[in-house]
Amino acid sequence: MSEANRGVWGVAPSQETRVSLSTGAGTAWLVADVGGTNARFALVDGPDGVPERVESLPTRDHAGLAEAAAAYLGRHAPDVRPAAACLAVAGPVHDGAYHLTNAGWPKGTAESVRERLGVPHLEILNDFEALALALPRLGPDDLIQIGPAPDPAAGPAPLAVLGPGTGLGVAGLVPTPAGWVPLAGEGGQVDVPAATDRELAVARLLRAEHGTARAESLLSGTGLARIHRYLAILDGVKAEPLDPAGICARDGDPLCAEAVAMFCALLGSLAGNVALTLGARGGVHLGGGILPRIAGALRGSDFRARFEAKPPVEDYLRPIPTSLIVHPGPALVGAAVRLAQTPAALENLEHV
């Protein structure tokens with residue numbers, strides 16, 4: 001990562017842990033990236049700080065968002081009472097009300113979490129909204145290019161990010177005279193972008209089993225396992241039940257290899273749809289926890305060909321760069337960026 005991008009967005013939390021974090025009340029910000037499986041928390045020492053004391057807690061071990069945040073502070077930062085907090089969650093957020101779609105936690109509000117934690121200022125945003133906020137802060141070392149590289153002479157243009165994990169997230173980022181503005185949504189709930197006969201057959205099995213054919217049902221961790229199972233059904237063979245890690249590890253198994261290839265191709269079609277919908281001429285970035293494990297397969301797949309295969313607008317899509325995010329904590333970066341843009345968070349921060 002370049003020196004120009006150091007600060008809250010400059011150092012991967014797994015690579016550096018500073019010991020200079022001030023202790024006491026009002027001396028740091030709490031940031032989080034909360035998914036359906038794990039809730040990752042960190043502290044940031046103001047706008048120029050690096051995420052520190054990064055810890056991941058299983059969501060199943062806690063009753064809700066406030067309880068998980070309180071457990072993190074109690075176990076890993078008992079000497080710090082945050083001045084402000086920004087918690088990014090995997091689910092819809094509207095007017096401070098949130099729902100973690102895949103965590104099994106009850107719905108809640110930012111105000112209830114703020115009161116439970118005793119934090120002067122707390123906000124909750126969608127995890128891919130936080131990921132979108134981090135995009136301009138990522139350097140070359142944080143990305144693997146898939147397709148054309150960005151044009152260094154190009155001016156600011158809308159960006160998009162999507163990615164499979166426990167669920168499937170999608171968000172945008174739009175440049176304005178006042179700075180970058182994120183666009184949160186639930187793009188993972190759109191229909192499966194099936195294009196081949198084989199994909200259509202898989203989508204039909206999905207619809208027969210679940211009554212609908214949502215993209216998230218195939219483009220997620222459980223979705224990869226579902227593709228593998230459906231392909232076995234179509235071939236009339238009995239496949240060993242495998243989790244996503246097992247499927248990715250068996251690249252010499254034809255059924256596993258086809259499942260990963262179909263996963264990447266469908267993702268390419270969806271990414272192209274997102275680029276067209278948001279006008280993301282600045283680039284489409286891929287996040288989530290699955291893709292870094294299959295980076296080689298992704299680069300060698302039909303992802304990019306399917307991204308561009310949208311007649312009659314291939315010329316529109318062809319120059320749009322696509323890249324895989326390999327920074328280990330981009331949503332934590334984005335949560336810190338949001339607080340750095342928030343006057344209330346800055347006002348409550350006291351450096352000692």
# chains A, B, ... in the order shown; residues from 1 in each chain; ligands from 1
$ select_by_dssp --residues "stretch 33-279 of chain A" --states "strand (DSSP E or B)" --output "PyMOL selection string"
chain A and resi 33-34+38-44+52-58+80-81+84-89+93-94+97-98+108-109+121-126+143-146+159-164+168-176+179-184+191+214
$ residues_around --residues "A:Ile144" --least-positions-apart "2" --cutoff "7 Å" --atoms "only C-alpha atoms" --output "PDB file with N, CA and C atoms, in the first residue's frame"
ATOM      1  N   ILE A 146      -8.524  -7.877 -12.144  1.00  0.00           N
ATOM      2  CA  ILE A 146      -9.100  -8.881 -13.023  1.00  0.00           C
ATOM      3  C   ILE A 146      -9.648  -8.119 -14.224  1.00  0.00           C
ATOM      4  N   SER A 323     -11.721  -5.663  -9.876  1.00  0.00           N
ATOM      5  CA  SER A 323     -10.620  -6.075  -9.006  1.00  0.00           C
ATOM      6  C   SER A 323     -11.148  -6.808  -7.791  1.00  0.00           C
ATOM      7  N   LEU A 324     -10.295  -7.647  -7.224  1.00  0.00           N
ATOM      8  CA  LEU A 324     -10.595  -8.403  -6.013  1.00  0.00           C
ATOM      9  C   LEU A 324      -9.917  -7.732  -4.831  1.00  0.00           C
ATOM     10  N   ILE A 325     -10.678  -7.423  -3.788  1.00  0.00           N
ATOM     11  CA  ILE A 325     -10.131  -6.807  -2.582  1.00  0.00           C
ATOM     12  C   ILE A 325      -9.462  -7.880  -1.738  1.00  0.00           C
TER      13      ILE A 325
END
$ residues_around --residues "A:Ala157" --least-positions-apart "4" --cutoff "7 Å" --atoms "only C-alpha atoms" --output "PyMOL selection string"
chain A and resi 174-175+280-282
$ write_last_selection --atoms "C-alpha atoms" --output "PDB file, in the first residue's frame"
ATOM      1  CA  VAL A 174     -20.746   8.175  -6.055  1.00  0.00           C
ATOM      2  CA  PRO A 175     -18.431  11.208  -6.275  1.00  0.00           C
ATOM      3  CA  ALA A 280     -19.889   2.293 -12.213  1.00  0.00           C
ATOM      4  CA  ARG A 281     -17.370   3.473 -14.790  1.00  0.00           C
ATOM      5  CA  GLY A 282     -14.758   3.940 -12.053  1.00  0.00           C
TER       6      GLY A 282
END
$ closest_residue --among "A:Leu224, A:Pro182, A:Val113, A:Cys86" --to "A:Gly64" --atoms "only C-alpha atoms"
A:Val113
$ closest_residue --among "A:Phe41, A:Tyr72, A:Trp29, A:Trp105" --to "A:Leu122" --atoms "only C-alpha atoms"
A:Trp29
$ decode --residues "stretch 193-264 of chain A" --atoms "C-alpha atoms" --output "compact mmCIF listing (two decimals), in the first residue's frame"
# COMPACT_ATOMS: atom_id res chain seq x y z
CA PRO A 193 -28.37 -14.01 -13.53
CA ALA A 194 -28.41 -17.41 -15.25
CA ALA A 195 -27.29 -17.32 -18.89
CA THR A 196 -26.45 -20.89 -19.97
CA ASP A 197 -28.70 -23.95 -20.17
CA ARG A 198 -26.77 -25.53 -17.31
CA GLU A 199 -27.20 -22.44 -15.13
CA LEU A 200 -30.90 -22.25 -15.97
CA ALA A 201 -31.27 -25.88 -14.90
CA VAL A 202 -29.56 -25.08 -11.60
CA ALA A 203 -31.82 -22.04 -11.14
CA ARG A 204 -34.90 -24.22 -11.75
CA LEU A 205 -33.78 -26.64 -9.04
CA LEU A 206 -33.25 -23.70 -6.71
CA ARG A 207 -36.71 -22.32 -7.42
CA ALA A 208 -38.31 -25.77 -6.98
CA GLU A 209 -36.62 -26.16 -3.61
CA HIS A 210 -37.08 -22.64 -2.23
CA GLY A 211 -39.88 -21.09 -4.26
CA THR A 212 -37.64 -18.36 -5.61
CA ALA A 213 -34.26 -18.02 -7.32
CA ARG A 214 -32.37 -15.24 -5.54
CA ALA A 215 -28.77 -14.49 -6.46
CA GLU A 216 -27.69 -14.79 -2.82
CA SER A 217 -28.94 -18.38 -2.76
CA LEU A 218 -26.19 -19.34 -5.21
CA LEU A 219 -23.59 -16.59 -4.75
CA SER A 220 -22.70 -17.13 -1.10
CA GLY A 221 -20.97 -19.77 1.01
CA THR A 222 -24.03 -21.95 1.26
CA GLY A 223 -24.77 -21.09 -2.38
CA LEU A 224 -21.53 -22.64 -3.60
CA ALA A 225 -22.40 -25.84 -1.75
CA ARG A 226 -25.90 -25.66 -3.25
CA ILE A 227 -24.50 -25.34 -6.79
CA HIS A 228 -22.33 -28.40 -6.16
CA ARG A 229 -25.33 -30.41 -4.95
CA TYR A 230 -27.55 -29.31 -7.83
CA LEU A 231 -24.92 -30.22 -10.43
CA ALA A 232 -24.72 -33.69 -8.94
CA ILE A 233 -28.50 -34.01 -9.21
CA LEU A 234 -28.43 -32.92 -12.85
CA ASP A 235 -25.71 -35.48 -13.60
CA GLY A 236 -27.50 -38.23 -11.71
CA VAL A 237 -24.56 -38.88 -9.42
CA LYS A 238 -24.23 -39.00 -5.66
CA ALA A 239 -21.87 -36.27 -4.52
CA GLU A 240 -20.15 -36.16 -1.16
CA PRO A 241 -21.62 -33.35 0.98
CA LEU A 242 -18.95 -30.65 1.06
CA ASP A 243 -18.73 -27.23 2.65
CA PRO A 244 -17.39 -24.30 0.58
CA ALA A 245 -13.84 -24.80 1.82
CA GLY A 246 -13.95 -28.46 0.82
CA ILE A 247 -15.27 -27.63 -2.64
CA CYS A 248 -12.58 -24.98 -3.20
CA ALA A 249 -9.87 -27.37 -2.05
CA ARG A 250 -10.80 -30.08 -4.57
CA ASP A 251 -9.89 -28.36 -7.81
CA GLY A 252 -9.01 -31.75 -9.30
CA ASP A 253 -12.55 -33.03 -8.79
CA PRO A 254 -14.59 -32.32 -11.96
CA LEU A 255 -17.83 -31.63 -10.09
CA CYS A 256 -16.15 -29.27 -7.62
CA ALA A 257 -14.28 -27.53 -10.42
CA GLU A 258 -17.53 -27.01 -12.35
CA ALA A 259 -19.26 -25.67 -9.24
CA VAL A 260 -16.51 -23.08 -8.70
CA ALA A 261 -16.49 -22.19 -12.42
CA MET A 262 -20.27 -21.67 -12.44
CA PHE A 263 -20.03 -19.63 -9.24
CA CYS A 264 -17.46 -17.30 -10.84
